[in-house]
Structures are given as structure tokens and as C-alpha cells.
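Shown next: work.txt, given as compact mmCIF, C-alpha atoms and all ligand atoms.
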# COMPACT_ATOMS: atom_id res chain seq x y z
CA MET X 4 149.81 -124.76 -3.19
CA ASN X 5 152.72 -123.11 -1.40
CA VAL X 6 154.42 -121.47 -4.36
CA THR X 7 154.94 -117.76 -3.75
CA HIS X 8 156.71 -116.82 -6.99
CA LEU X 9 159.45 -117.74 -9.42
CA GLU X 10 162.83 -116.10 -9.17
CA CYS X 11 165.57 -115.68 -11.74
CA SER X 12 168.57 -117.76 -10.72
CA LEU X 13 170.99 -115.10 -11.96
CA CYS X 14 169.48 -111.62 -11.67
CA GLY X 15 166.87 -112.40 -9.00
CA LEU X 16 163.97 -110.85 -10.95
CA ARG X 17 160.61 -111.94 -9.57
CA HIS X 18 158.16 -113.67 -11.93
CA GLU X 19 154.53 -114.31 -11.07
CA ALA X 20 153.37 -117.83 -10.24
CA GLY X 21 150.35 -119.33 -11.99
CA ARG X 22 151.46 -118.43 -15.53
CA LEU X 23 153.48 -120.17 -18.22
CA HIS X 24 157.16 -119.32 -18.06
CA ASN X 25 160.28 -120.30 -19.85
CA LEU X 26 163.43 -118.24 -19.11
CA CYS X 27 163.87 -114.95 -17.22
CA VAL X 28 162.33 -112.16 -19.27
CA GLU X 29 165.21 -109.87 -18.35
CA CYS X 30 168.43 -111.92 -18.64
CA GLY X 31 167.39 -115.22 -20.26
CA LYS X 32 168.59 -117.46 -17.44
CA PRO X 33 166.62 -120.25 -15.66
CA LEU X 34 163.83 -119.46 -13.20
CA LEU X 35 163.59 -121.23 -9.84
CA VAL X 36 160.37 -121.84 -7.92
CA ARG X 37 160.11 -120.29 -4.44
CA TYR X 38 157.79 -121.57 -1.72
CA ASP X 39 156.37 -120.39 1.56
CA LEU X 40 158.39 -123.03 3.40
CA GLU X 41 156.97 -122.15 6.79
CA LYS X 42 153.51 -122.95 5.48
CA ALA X 43 154.80 -126.11 3.77
CA ALA X 44 156.46 -127.31 6.96
CA ALA X 45 153.20 -126.94 8.87
CA SER X 46 151.66 -129.95 7.08
CA LEU X 47 154.76 -131.68 5.67
CA THR X 48 156.77 -133.22 8.48
CA ARG X 49 159.53 -135.81 8.60
CA ASP X 50 157.38 -138.13 10.71
CA GLY X 51 154.29 -137.59 8.60
CA LEU X 52 156.14 -138.90 5.55
CA ARG X 53 156.13 -142.43 6.94
CA THR X 54 152.55 -143.04 5.88
CA ARG X 55 152.61 -141.23 2.55
CA GLU X 56 152.55 -142.75 -0.95
CA ALA X 57 155.83 -144.15 -2.30
CA THR X 58 156.18 -141.65 -5.14
CA LEU X 59 157.88 -138.26 -5.26
CA TRP X 60 154.45 -136.68 -4.77
CA ARG X 61 154.81 -137.55 -1.09
CA TYR X 62 156.61 -134.17 -0.94
CA ARG X 63 153.68 -132.35 -2.58
CA GLU X 64 153.87 -129.32 -0.26
CA VAL X 65 157.24 -128.44 -1.79
CA LEU X 66 156.14 -129.22 -5.34
CA PRO X 67 154.36 -126.75 -7.61
CA VAL X 68 151.04 -128.41 -8.51
CA ASP X 69 147.93 -126.92 -6.87
CA GLU X 70 145.12 -129.42 -7.45
CA PRO X 71 145.79 -133.15 -7.04
CA GLU X 72 143.73 -133.88 -10.18
CA ASN X 73 146.40 -132.14 -12.26
CA ILE X 74 149.11 -134.55 -11.12
CA VAL X 75 150.19 -136.73 -14.04
CA SER X 76 151.88 -139.72 -12.46
CA LEU X 77 153.20 -143.13 -13.42
CA GLY X 78 154.55 -143.97 -9.97
CA GLU X 79 157.88 -142.12 -10.21
CA GLY X 80 160.37 -141.53 -7.41
CA MET X 81 161.15 -143.25 -4.10
CA THR X 82 163.70 -145.36 -5.92
CA PRO X 83 165.80 -147.62 -3.71
CA LEU X 84 169.10 -146.54 -2.22
CA ILE X 85 171.02 -149.77 -2.66
CA SER X 86 174.11 -150.54 -0.60
CA ALA X 87 177.08 -151.56 -2.72
CA ASP X 88 179.25 -153.29 -0.12
CA LYS X 89 181.03 -155.68 -2.45
CA LEU X 90 181.92 -152.83 -4.77
CA ALA X 91 183.10 -150.77 -1.79
CA ASP X 92 185.26 -153.72 -0.63
CA SER X 93 186.97 -153.84 -4.01
CA LEU X 94 188.21 -150.24 -3.68
CA PRO X 95 191.42 -149.27 -1.85
CA VAL X 96 189.56 -147.00 0.59
CA LYS X 97 186.56 -148.55 2.35
CA THR X 98 183.52 -146.27 2.15
CA ARG X 99 179.85 -146.70 3.00
CA LEU X 100 178.86 -146.87 -0.64
CA PHE X 101 175.32 -146.61 -2.03
CA ILE X 102 173.78 -146.49 -5.47
CA LYS X 103 170.57 -144.51 -5.87
CA ASP X 104 168.97 -146.62 -8.58
CA GLU X 105 167.07 -144.23 -10.79
CA GLY X 106 166.79 -146.87 -13.50
CA GLN X 107 163.75 -148.13 -11.58
CA ASN X 108 161.68 -145.07 -12.46
CA PRO X 109 158.92 -145.19 -15.11
CA THR X 110 160.57 -145.05 -18.56
CA GLN X 111 163.73 -146.38 -16.86
CA SER X 112 165.43 -143.10 -16.02
CA PHE X 113 165.22 -140.17 -13.64
CA LYS X 114 163.87 -138.03 -16.48
CA ALA X 115 160.50 -139.29 -15.24
CA ARG X 116 160.92 -137.14 -12.12
CA GLY X 117 161.32 -133.96 -14.11
CA MET X 118 158.58 -134.81 -16.57
CA THR X 119 155.94 -135.68 -14.00
CA ALA X 120 156.36 -132.18 -12.58
CA ALA X 121 156.64 -130.37 -15.93
CA ILE X 122 153.69 -132.12 -17.57
CA SER X 123 151.52 -131.76 -14.45
CA MET X 124 152.20 -128.03 -14.42
CA ALA X 125 151.60 -127.78 -18.15
CA LYS X 126 148.24 -129.46 -17.57
CA GLN X 127 147.43 -127.09 -14.73
CA LEU X 128 148.25 -124.13 -16.98
CA GLY X 129 146.17 -125.40 -19.92
CA VAL X 130 148.90 -126.54 -22.32
CA LYS X 131 147.81 -128.93 -25.10
CA LYS X 132 151.04 -129.42 -27.10
CA VAL X 133 154.52 -129.91 -25.70
CA ALA X 134 157.87 -130.07 -27.47
CA VAL X 135 161.34 -131.07 -26.35
CA PRO X 136 164.83 -131.50 -27.73
CA SER X 137 166.38 -134.57 -26.16
CA ALA X 138 169.51 -136.68 -26.21
CA GLY X 139 167.36 -139.67 -25.34
CA ASN X 140 165.69 -140.36 -22.01
CA ALA X 141 163.96 -136.99 -21.68
CA ALA X 142 162.14 -137.75 -24.90
CA GLY X 143 160.93 -141.12 -23.68
CA ALA X 144 159.74 -139.66 -20.41
CA MET X 145 158.03 -136.70 -22.06
CA ALA X 146 156.26 -138.95 -24.55
CA ALA X 147 154.98 -141.14 -21.72
CA TYR X 148 153.75 -138.33 -19.48
CA ALA X 149 152.25 -136.40 -22.40
CA ALA X 150 150.37 -139.53 -23.43
CA ARG X 151 149.11 -139.95 -19.89
CA ALA X 152 147.99 -136.31 -19.79
CA GLY X 153 146.39 -136.49 -23.24
CA MET X 154 148.72 -133.91 -24.77
CA GLU X 155 150.38 -133.91 -28.17
CA ALA X 156 154.15 -134.51 -27.90
CA TYR X 157 156.72 -133.25 -30.42
CA ILE X 158 160.20 -134.66 -29.99
CA PHE X 159 163.49 -133.73 -31.66
CA MET X 160 166.39 -136.13 -31.17
CA PRO X 161 169.83 -136.61 -32.70
CA ALA X 162 169.66 -139.36 -35.32
CA ASP X 163 172.21 -141.42 -33.36
CA THR X 164 170.12 -141.46 -30.17
CA PRO X 165 169.91 -144.98 -28.66
CA ARG X 166 167.27 -146.96 -30.55
CA ALA X 167 165.29 -147.72 -27.39
CA ASN X 168 164.57 -144.02 -26.92
CA ILE X 169 163.32 -143.58 -30.47
CA VAL X 170 161.12 -146.67 -30.30
CA GLU X 171 159.58 -145.85 -26.91
CA CYS X 172 158.57 -142.37 -28.11
CA ALA X 173 156.87 -143.73 -31.19
CA GLN X 174 155.14 -146.47 -29.19
CA THR X 175 153.72 -143.96 -26.72
CA GLY X 176 152.26 -141.82 -29.45
CA ALA X 177 154.74 -138.97 -29.84
CA ASN X 178 155.66 -137.19 -33.07
CA VAL X 179 159.37 -137.92 -33.48
CA THR X 180 161.83 -136.01 -35.68
CA LEU X 181 165.40 -137.27 -35.98
CA VAL X 182 167.95 -134.50 -36.47
CA ASP X 183 171.38 -134.80 -38.04
CA GLY X 184 173.13 -132.94 -35.21
CA LEU X 185 173.40 -132.59 -31.44
CA ILE X 186 170.84 -131.81 -28.74
CA THR X 187 171.76 -128.13 -29.10
CA ASP X 188 170.74 -128.29 -32.77
CA CYS X 189 167.48 -129.96 -31.75
CA GLY X 190 166.92 -127.16 -29.24
CA LYS X 191 167.30 -124.56 -31.98
CA ILE X 192 164.61 -126.25 -34.08
CA VAL X 193 162.17 -126.26 -31.16
CA ALA X 194 162.93 -122.60 -30.46
CA GLU X 195 162.35 -121.64 -34.11
CA GLN X 196 159.08 -123.53 -34.59
CA LYS X 197 157.33 -123.31 -31.23
CA GLU X 198 155.61 -119.96 -31.77
CA ALA X 199 154.01 -120.97 -35.05
CA GLU X 200 153.12 -124.47 -33.89
CA GLY X 201 151.75 -123.50 -30.47
CA TRP X 202 154.14 -125.80 -28.60
CA PHE X 203 155.19 -125.30 -25.01
CA ASP X 204 158.93 -125.91 -24.76
CA VAL X 205 159.81 -128.25 -21.90
CA SER X 206 163.60 -128.16 -22.43
CA THR X 207 165.26 -128.68 -19.10
CA LEU X 208 165.81 -125.47 -17.12
CA LYS X 209 164.17 -123.47 -19.93
CA GLU X 210 161.04 -124.67 -18.15
CA PRO X 211 160.98 -124.11 -14.38
CA TYR X 212 159.39 -127.33 -13.10
CA ARG X 213 161.58 -130.21 -14.30
CA VAL X 214 164.16 -129.13 -11.75
CA GLU X 215 161.43 -129.25 -9.08
CA GLY X 216 160.70 -132.88 -9.93
CA LYS X 217 164.37 -133.78 -9.91
CA LYS X 218 165.07 -132.02 -6.62
CA THR X 219 163.09 -134.77 -4.89
CA MET X 220 166.20 -136.95 -5.22
CA GLY X 221 167.68 -134.71 -2.51
CA TYR X 222 164.63 -135.14 -0.27
CA GLU X 223 164.68 -138.90 -0.77
CA LEU X 224 168.38 -139.22 -0.01
CA ALA X 225 167.91 -137.39 3.28
CA GLU X 226 164.85 -139.45 4.16
CA GLN X 227 166.47 -142.76 3.20
CA LEU X 228 169.63 -141.97 5.18
CA GLY X 229 167.72 -141.00 8.33
CA TRP X 230 167.93 -137.22 7.76
CA GLU X 231 171.68 -137.29 7.48
CA LEU X 232 173.09 -136.28 4.09
CA PRO X 233 175.97 -138.30 2.61
CA ASP X 234 179.54 -136.96 2.59
CA VAL X 235 179.90 -137.29 -1.16
CA ILE X 236 177.46 -137.37 -4.09
CA LEU X 237 178.64 -138.39 -7.55
CA TYR X 238 176.30 -137.10 -10.23
CA PRO X 239 176.64 -137.78 -13.98
CA THR X 240 176.04 -134.33 -15.41
CA GLY X 241 174.44 -133.33 -18.66
CA GLY X 242 172.20 -130.30 -18.16
CA GLY X 243 172.82 -130.58 -14.42
CA THR X 244 169.13 -130.48 -13.53
CA GLY X 245 169.39 -133.08 -10.77
CA LEU X 246 172.50 -131.58 -9.20
CA ILE X 247 170.98 -128.11 -9.21
CA GLY X 248 167.71 -129.52 -7.90
CA MET X 249 169.28 -131.47 -5.04
CA TRP X 250 171.30 -128.43 -4.00
CA LYS X 251 168.05 -126.45 -3.87
CA ALA X 252 166.33 -129.25 -1.93
CA PHE X 253 169.06 -129.21 0.72
CA ASP X 254 168.46 -125.50 1.32
CA GLU X 255 164.71 -126.00 1.49
CA MET X 256 165.09 -128.82 3.99
CA GLU X 257 167.41 -126.73 6.13
CA GLN X 258 164.91 -123.86 6.09
CA MET X 259 162.19 -126.27 7.22
CA GLY X 260 164.43 -127.40 10.07
CA TRP X 261 164.81 -130.95 8.71
CA ILE X 262 168.59 -130.97 8.32
CA GLY X 263 171.54 -128.87 9.48
CA PRO X 264 173.99 -126.82 7.42
CA LYS X 265 176.22 -129.77 6.47
CA ARG X 266 176.29 -130.44 2.74
CA PRO X 267 177.67 -133.30 0.67
CA ARG X 268 180.61 -132.63 -1.60
CA MET X 269 178.97 -132.54 -5.00
CA ILE X 270 181.00 -134.27 -7.71
CA SER X 271 179.96 -133.47 -11.27
CA VAL X 272 180.96 -136.38 -13.52
CA GLN X 273 181.17 -136.01 -17.30
CA SER X 274 182.53 -137.88 -20.30
CA ALA X 275 185.98 -136.72 -21.41
CA THR X 276 184.60 -136.22 -24.93
CA CYS X 277 181.84 -133.89 -23.70
CA ALA X 278 183.08 -132.15 -20.57
CA PRO X 279 182.15 -128.45 -20.66
CA ILE X 280 181.55 -128.29 -16.90
CA VAL X 281 184.81 -130.03 -16.04
CA ARG X 282 186.73 -127.68 -18.32
CA ALA X 283 185.07 -124.58 -16.85
CA TYR X 284 185.67 -125.89 -13.33
CA GLU X 285 189.36 -126.42 -14.03
CA GLN X 286 189.71 -123.00 -15.64
CA GLY X 287 187.98 -121.26 -12.74
CA GLU X 288 185.12 -120.04 -14.95
CA ARG X 289 181.55 -119.52 -13.73
CA PHE X 290 180.01 -120.04 -17.19
CA ALA X 291 180.98 -122.94 -19.43
CA ALA X 292 181.81 -122.45 -23.11
CA GLU X 293 180.22 -124.81 -25.62
CA PHE X 294 182.19 -128.06 -25.96
CA GLU X 295 183.14 -128.56 -29.60
CA ASN X 296 182.59 -131.90 -31.37
CA ALA X 297 180.87 -133.43 -28.35
CA SER X 298 180.35 -137.18 -28.54
CA THR X 299 179.85 -139.99 -26.00
CA VAL X 300 177.96 -143.28 -25.75
CA ALA X 301 176.54 -141.91 -22.49
CA SER X 302 173.92 -140.00 -24.47
CA GLY X 303 172.48 -138.27 -21.39
CA LEU X 304 175.85 -136.58 -20.89
CA ARG X 305 176.02 -135.31 -24.45
CA VAL X 306 175.10 -131.73 -23.59
CA PRO X 307 177.78 -129.46 -25.03
CA LYS X 308 176.26 -126.28 -23.57
CA ALA X 309 174.14 -126.25 -20.41
CA ILE X 310 171.99 -123.21 -19.70
CA GLY X 311 172.33 -123.86 -15.96
CA ASP X 312 176.14 -124.10 -16.14
CA PHE X 313 176.72 -121.44 -13.48
CA LEU X 314 174.26 -123.12 -11.10
CA ILE X 315 176.12 -126.43 -11.43
CA LEU X 316 179.51 -124.78 -10.99
CA ASP X 317 178.36 -122.62 -8.06
CA ALA X 318 176.98 -125.69 -6.23
CA VAL X 319 180.06 -127.82 -6.92
CA ARG X 320 182.35 -125.08 -5.61
CA ALA X 321 180.21 -124.13 -2.61
CA SER X 322 180.07 -127.78 -1.59
CA GLY X 323 183.83 -128.30 -1.70
CA GLY X 324 183.31 -130.84 -4.48
CA THR X 325 184.89 -131.06 -7.88
CA ALA X 326 184.22 -131.94 -11.53
CA ILE X 327 185.76 -135.04 -13.09
CA ALA X 328 185.90 -136.36 -16.66
CA VAL X 329 186.16 -140.08 -17.38
CA THR X 330 186.68 -141.68 -20.78
CA ASP X 331 183.98 -143.57 -22.66
CA ASP X 332 186.13 -146.68 -22.39
CA GLU X 333 186.23 -146.34 -18.59
CA LEU X 334 182.53 -145.67 -18.18
CA THR X 335 181.48 -148.50 -20.50
CA LYS X 336 183.70 -150.99 -18.66
CA ALA X 337 182.32 -149.73 -15.35
CA VAL X 338 178.84 -150.93 -16.35
CA ALA X 339 180.03 -154.55 -16.14
CA GLU X 340 181.98 -153.94 -12.95
CA ILE X 341 178.95 -152.42 -11.21
CA GLY X 342 176.69 -155.07 -12.67
CA ALA X 343 178.77 -158.00 -11.42
CA ALA X 344 179.31 -156.50 -7.96
CA THR X 345 175.80 -155.19 -7.27
CA GLY X 346 173.29 -156.74 -9.68
CA ILE X 347 172.40 -153.32 -11.07
CA PHE X 348 172.57 -153.02 -14.88
CA ALA X 349 173.51 -149.36 -14.89
CA ALA X 350 173.22 -146.84 -17.68
CA PRO X 351 176.62 -145.77 -19.03
CA GLU X 352 175.99 -142.32 -17.51
CA GLY X 353 175.48 -143.76 -14.04
CA ALA X 354 178.43 -146.12 -14.43
CA ALA X 355 180.68 -143.10 -15.06
CA CYS X 356 180.50 -142.43 -11.32
CA LEU X 357 182.67 -145.46 -10.53
CA PRO X 358 185.85 -144.45 -12.37
CA ALA X 359 185.31 -140.93 -10.98
CA LEU X 360 185.15 -142.34 -7.43
CA LYS X 361 188.35 -144.29 -8.08
CA MET X 362 190.06 -141.05 -9.10
CA LEU X 363 188.84 -139.28 -5.97
CA ILE X 364 190.16 -142.13 -3.84
CA ALA X 365 193.51 -142.11 -5.63
CA ASP X 366 193.76 -138.37 -4.94
CA GLY X 367 192.96 -138.83 -1.25
CA ALA X 368 189.75 -136.83 -1.70
CA VAL X 369 187.52 -139.54 -0.17
CA GLN X 370 188.31 -140.95 3.27
CA THR X 371 187.69 -144.32 4.92
CA GLY X 372 184.23 -144.56 6.43
CA GLU X 373 182.69 -141.71 4.46
CA THR X 374 179.18 -142.16 3.07
CA VAL X 375 179.23 -141.99 -0.72
CA VAL X 376 176.23 -142.02 -3.06
CA MET X 377 176.57 -142.69 -6.78
CA PHE X 378 173.59 -141.87 -8.96
CA ASN X 379 172.66 -144.53 -11.46
CA THR X 380 170.48 -142.25 -13.52
CA GLY X 381 169.06 -144.79 -15.95
CA SER X 382 168.95 -148.40 -17.05
CA GLY X 383 171.54 -150.19 -19.18
CA VAL X 384 168.66 -151.91 -20.96
CA LYS X 385 168.17 -148.75 -23.02
CA TYR X 386 171.74 -148.80 -24.38
CA LEU X 387 172.11 -152.28 -25.85
CA GLU X 388 174.13 -150.90 -28.78
CA ALA X 389 176.83 -149.81 -26.35
CA PHE X 390 177.64 -153.34 -25.17
CA PRO X 391 179.34 -156.32 -26.82
C1 LIG X 401 169.62 -136.79 -18.83
C2 LIG X 401 170.48 -137.81 -18.22
C3 LIG X 401 171.58 -137.45 -17.42
C4 LIG X 401 171.95 -136.02 -17.15
O1 LIG X 401 171.00 -135.41 -16.33
P1 LIG X 401 171.02 -133.86 -15.97
O2 LIG X 401 170.28 -133.74 -14.70
O3 LIG X 401 170.41 -133.14 -17.09
O4 LIG X 401 172.46 -133.48 -15.81
C5 LIG X 401 172.31 -138.46 -16.83
N1 LIG X 401 172.00 -139.76 -17.04
C6 LIG X 401 170.97 -140.16 -17.79
C7 LIG X 401 170.69 -141.61 -17.96
C8 LIG X 401 170.16 -139.19 -18.40
O5 LIG X 401 169.13 -139.58 -19.14
ZN ZN X 402 167.23 -112.82 -14.84
What would the structure in this file look like if it were written as C-alpha cells?
Amino acid sequence: MNVTHLECSLCGLRHEAGRLHNLCVECGKPLLVRYDLEKAAASLTRDGLRTREATLWRYREVLPVDEPENIVSLGEGMTPLISADKLADSLPVKTRLFIKDEGQNPTQSFKARGMTAAISMAKQLGVKKVAVPSAGNAAGAMAAYAARAGMEAYIFMPADTPRANIVECAQTGANVTLVDGLITDCGKIVAEQKEAEGWFDVSTLKEPYRVEGKKTMGYELAEQLGWELPDVILYPTGGGTGLIGMWKAFDEMEQMGWIGPKRPRMISVQSATCAPIVRAYEQGERFAAEFENASTVASGLRVPKAIGDFLILDAVRASGGTAIAVTDDELTKAVAEIGAATGIFAAPEGAACLPALKMLIADGAVQTGETVVMFNTGSGVKYLEAFP
């Protein structure tokens, strides 16, 4: 509708809208969608949002789909921003603490946001078969949205992916292959076979629209907080799609005159046993080397090499944030602590934000009265193996 073109996030090369794209044809880095924001802002206004549908498609002017009939939706987005007062009270520094509960999305994770956008665009562009490597929730979401769109879904997952993810894919009609390896190995298989099989690869950030779906978390945060961004955002980071997307959303909103230049400090949270972004942050690198022998029960964080590494690291640094690793023991225990204090049965990934917040507080990096948002990116229900 308002898309002008796609732009390489590294070299800036312009790519035409209205065609299938994966990575930049010149440098192989992710493409970002650019909009005519002046035109978007003419019909999309902060006040006008009040009466719109309670899904992420309420922001359709800044989303890529042209015709409404191509939107493949299961009611994703507009998840609640839940205040966590009791949890805040239990910490040595009293913040205004919220949990954005993404576990309430279709397929119980925020992967639904990315997939509604990617599958809708695939439909618009005539795709019939989609493939994805996934550490878990992306597979479940892709299977669901592909089923809804009437597309064939081909999914490659590590054999030790949580059982719920494997079962949900099979039960929504996807073709599932379990791989003895990591998500990076699954990605290689998709890359090798896609030409011959006629699959469109919807790997995150190798496909330009999942990040567009996930950026709506940034729009929602602003809307839910009365057009005032929080001081701190804690984001459990695998591929970094949501962090990159929110950072983009903040710029778009500023260009539309919805918010000022103030930005939250973006905190990238990873598991200590798969922390490529944290390591690169600490070493002052812009690109993150592959993390060897990656393993963590927080399967969504098991991404040893992220293609958007520099976009995550650039945003974290520009925001004055940081990157923090927490152990699997800490993040697993945090599920029960969050659960008892808030009633939210968090995914281990989302729970990782709590020990990270405690570290920030101990370091004096979060002050009394600051507004802090932790992203619970999925539901604990999908990780029953991880709990006693
Ligand atoms: C995929 C996933 C993540 C990581 O998301 P990115 O945006 O790719 O960094 C975090 N938590 C859960 C539950 C996930 O499924
Ligand atoms: Zn490029």
C-alpha cells in the first residue's frame, strides 16, 4: 500500500517492491522495507487507532500487504502489557515494571507476528510452498499460517526441539523433518534444497517481512503506554528480529510525528551457553562470530549465528543499552518466580529477562521509578520438558 522499496540494511542497495526477495543481491545482508510515511500518516493516526481491530493489522498502513484479502490472520498482536507490581516490589530498586505477554498470540509465541506478515506477503506474491528452519516456535507459527493460507509447509527442526513444537506442526498439516544438529544446520538444508523443490525460504531476516510483523511490538508498546516509550526494554534475543523491528518502528513513529527522539535502552538478553551477541558486544565487535557448541533449554535463543547481528548490536549501542547473558539455571528458576508473582507462565526465553534485570539493578544501570518492559516472548506450556 505505502511500500516504496526495500533497502539493504548494510550497503543501502535499493530493491524493487512487489517481487519475491530474500537477501541483498549485492552483499547478502537483510533487506528492510521502506514506506512513504507521509502518505501512511495521512490515514493512520494515533486517535484513529482507538476504533481499529485488536490485531497487529490495525497498523496496516505501515505493513507491507496491499490487498486486505491477502492478509492471513489468526488474531495476532495487541497482546496485553501486564503490570508486574509484586515482582517490582521484590526487587531492590522499585521500577514501573511491565511484562508484554506475547505468549497470548496464536500458536503461543510472538513468532505469529512475523509469520502473519511473511505468509500474507508470500500469498500476495503467489507462493505455494514455504520452508523454514526453526528452533521451535517459528515452525509452529509457520505451519499454522501456511495451513490457513492453503500453502504447503516444509519444516526443518533440531531433533531435540521441544515436543510441543513438533506435534503442533504435524497437527496443522506441515511436512516435518527432524535434523540431528542446530538451527544453522537446518538452515543449510533449506538453502540446499529450496531451488529444486520450489520452496520459498521464510527464515527470519532472510525474508524481509517477518521483521515487519514483529516491529508492531514497538507500535503497541507506544500505544499502550500513551505514546511514551519505556526507559528500558529487555528482549530475549535469538535472531533479534523483534529487537531490530522495534528499533525500526520507533524511527517510523518519530517520522510520522507520533513520538519524540527519546529511545528506550535496549537490553539484549541471551543464554550464557549461546551468547554470540553478548560476546560480540563485550568485545566491541559489530558482527558476531558463530557461537560454538550452542545449547540452552530456551530453544528460541539457540541461534549460534544471527544474520542480523550488526543490526542488533547497532541498536543496542545506539540506545545506550547493553547485552547480558544469564545461565540456564537462572532463567529456568525465573519462570517460577515470574509465575508466582504475576500469574504469567512464561517461556524460559521470556523468563531470562528477570535475572538480566536483577543484574542491571545490581550494577546501578536501572534507577528507581524508571519504566521497564520485559518481553515474555512465548508460553511456558510449550516447554513442559524443562520443568520438574
Ligand atoms: C524465536 C524466539 C525468541 C527469539 O526471537 P528473535 O526475535 O528471533 O530474537 C525468543 N523467545 C521465543 C519464545 C522465541 O520463540
Ligand atoms: Zn547489500
With the cut-off set at 6 Å and counting only C-alpha atoms and all ligand atoms, tabulate each residue of chain X with an atom at most that distance from an atom of ligand LIG 401 (chain X), showing the nearest atom pair and its distance in Å to one decimal, ordered by chain and increasing number, as JSON lines.
{"residue": "X:Ser112", "atom": "CA", "partner": "X:LIG401", "partner_atom": "C7", "distance": 5.8}
{"residue": "X:Asn140", "atom": "CA", "partner": "X:LIG401", "partner_atom": "O5", "distance": 4.5}
{"residue": "X:Pro239", "atom": "CA", "partner": "X:LIG401", "partner_atom": "C5", "distance": 5.2}
{"residue": "X:Thr240", "atom": "CA", "partner": "X:LIG401", "partner_atom": "O4", "distance": 3.7}
{"residue": "X:Gly241", "atom": "CA", "partner": "X:LIG401", "partner_atom": "O4", "distance": 3.5}
{"residue": "X:Gly242", "atom": "CA", "partner": "X:LIG401", "partner_atom": "O3", "distance": 3.5}
{"residue": "X:Gly243", "atom": "CA", "partner": "X:LIG401", "partner_atom": "O4", "distance": 3.2}
{"residue": "X:Thr244", "atom": "CA", "partner": "X:LIG401", "partner_atom": "O2", "distance": 3.6}
{"residue": "X:Gly245", "atom": "CA", "partner": "X:LIG401", "partner_atom": "O2", "distance": 4.1}
{"residue": "X:Gly303", "atom": "CA", "partner": "X:LIG401", "partner_atom": "C2", "distance": 3.8}
{"residue": "X:Leu304", "atom": "CA", "partner": "X:LIG401", "partner_atom": "C4", "distance": 5.4}
{"residue": "X:Ala350", "atom": "CA", "partner": "X:LIG401", "partner_atom": "C7", "distance": 5.8}
{"residue": "X:Glu352", "atom": "CA", "partner": "X:LIG401", "partner_atom": "N1", "distance": 4.8}
{"residue": "X:Thr380", "atom": "CA", "partner": "X:LIG401", "partner_atom": "C7", "distance": 4.5}
{"residue": "X:Gly381", "atom": "CA", "partner": "X:LIG401", "partner_atom": "C7", "distance": 4.1}
Filtering to C-alpha atoms, could you give me those residues as a compact mmCIF listing (two decimals), in the frame of the given file?
# COMPACT_ATOMS: atom_id res chain seq x y z
CA SER X 112 165.43 -143.10 -16.02
CA ASN X 140 165.69 -140.36 -22.01
CA PRO X 239 176.64 -137.78 -13.98
CA THR X 240 176.04 -134.33 -15.41
CA GLY X 241 174.44 -133.33 -18.66
CA GLY X 242 172.20 -130.30 -18.16
CA GLY X 243 172.82 -130.58 -14.42
CA THR X 244 169.13 -130.48 -13.53
CA GLY X 245 169.39 -133.08 -10.77
CA GLY X 303 172.48 -138.27 -21.39
CA LEU X 304 175.85 -136.58 -20.89
CA ALA X 350 173.22 -146.84 -17.68
CA GLU X 352 175.99 -142.32 -17.51
CA THR X 380 170.48 -142.25 -13.52
CA GLY X 381 169.06 -144.79 -15.95
Which residues of chain X come within 10 Å of ligand ZN 402 (chain X), and for each one, what is the closest pair of atoms and their distance in Å to one decimal, counting all atoms listed in the file, sorted by chain and residue number, as CSV?
residue,atom,partner,partner_atom,distance
X:Glu10,CA,X:ZN402,ZN,7.9
X:Cys11,CA,X:ZN402,ZN,4.5
X:Ser12,CA,X:ZN402,ZN,6.6
X:Leu13,CA,X:ZN402,ZN,5.3
X:Cys14,CA,X:ZN402,ZN,4.1
X:Gly15,CA,X:ZN402,ZN,5.9
X:Leu16,CA,X:ZN402,ZN,5.4
X:Arg17,CA,X:ZN402,ZN,8.5
X:His18,CA,X:ZN402,ZN,9.6
X:Leu26,CA,X:ZN402,ZN,7.9
X:Cys27,CA,X:ZN402,ZN,4.6
X:Val28,CA,X:ZN402,ZN,6.6
X:Glu29,CA,X:ZN402,ZN,5.0
X:Cys30,CA,X:ZN402,ZN,4.1
X:Gly31,CA,X:ZN402,ZN,5.9
X:Lys32,CA,X:ZN402,ZN,5.5
X:Pro33,CA,X:ZN402,ZN,7.5
X:Leu34,CA,X:ZN402,ZN,7.6
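For the set X:Ala389, X:Trp261, X:Asp92, X:Val75, the residue with the smallest atom-to-atom gap to Met154 (chain X) is X:Val75, counting only C-alpha atoms.
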Taking only C-alpha atoms into account, name the residue in X:Glu285, X:Asp188, X:Glu72, X:Glu195 that is nearest to Ala152 (chain X). X:Glu72
Which polymer residues have any atom within 6 Å of an atom of region 248-256 of chain X, counting all atoms listed in the file, with same-chain residues fewer than 2 positions away left out, as number ranges by chain? X: 214, 217-218, 221, 244-246, 258-259, 261-262
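For Tyr238 (chain X), the set of protein, DNA and RNA residues having any atom at most 6 Å away, when counting all atoms listed in the file and skipping those fewer than 4 positions along the same chain, is Ser271, Val272 and Phe378 of chain X.
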Taking 2 positions as the minimum chain separation for residues in the same chain, which residues sit within 9 Å of region 362-366 of chain X when counting all atoms listed in the file? Answer as a PyMOL selection string. chain X and resi 94-96+327+357-360+368-370
Residues near Thr180 (chain X), anyone? I mean within 10 Å using all atoms listed in the file, not counting same-chain ones fewer than 3 positions away, as JSON, numbers by chain. {"X": [136, 157, 158, 159, 160, 161, 162, 169, 177, 183, 189]}
Contact table region 69-105 of chain X vs region 116-121 of chain X, cut-off 8 Å, shortest pair per residue, all atoms listed in the file, as a Markdown table:
| residue | atom | partner | partner_atom | distance |
| --- | --- | --- | --- | --- |
| X:Ile74 | CA | X:Thr119 | CA | 7.5 |
| X:Val75 | CA | X:Thr119 | CA | 5.8 |
| X:Ser76 | CA | X:Thr119 | CA | 5.9 |
| X:Leu77 | CA | X:Thr119 | CA | 8.0 |
| X:Glu79 | CA | X:Arg116 | CA | 6.1 |
| X:Gly80 | CA | X:Arg116 | CA | 6.5 |
May I ask for the distance between CA of Ser322 (chain X) and CA of Tyr284 (chain X), given in Å to one decimal place? 13.1 Å
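With distances taken over all atoms listed in the file, X:Ile122 is the one residue among X:Leu40, X:Val179, X:Gly324, X:Ile122 lying closest to Gly153 (chain X).
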Selection: 12 Å around Glu155 (chain X), all atoms listed in the file, excl. self and same-chain fewer than 2 positions, as a count of residues only: 30
May I have the protein, DNA and RNA residues with any atom at most 10 Å from the point (179.9, -152.7, -24.3), counting only C-alpha atoms, written as a ChimeraX atom specification? /X:300,332,334-339,351,386-391
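When all atoms listed in the file are used to compute distances to Ile186 (chain X), the closest of the residues X:Gln107, X:Ser93, X:Ser302, X:Ser123 turns out to be X:Ser302.
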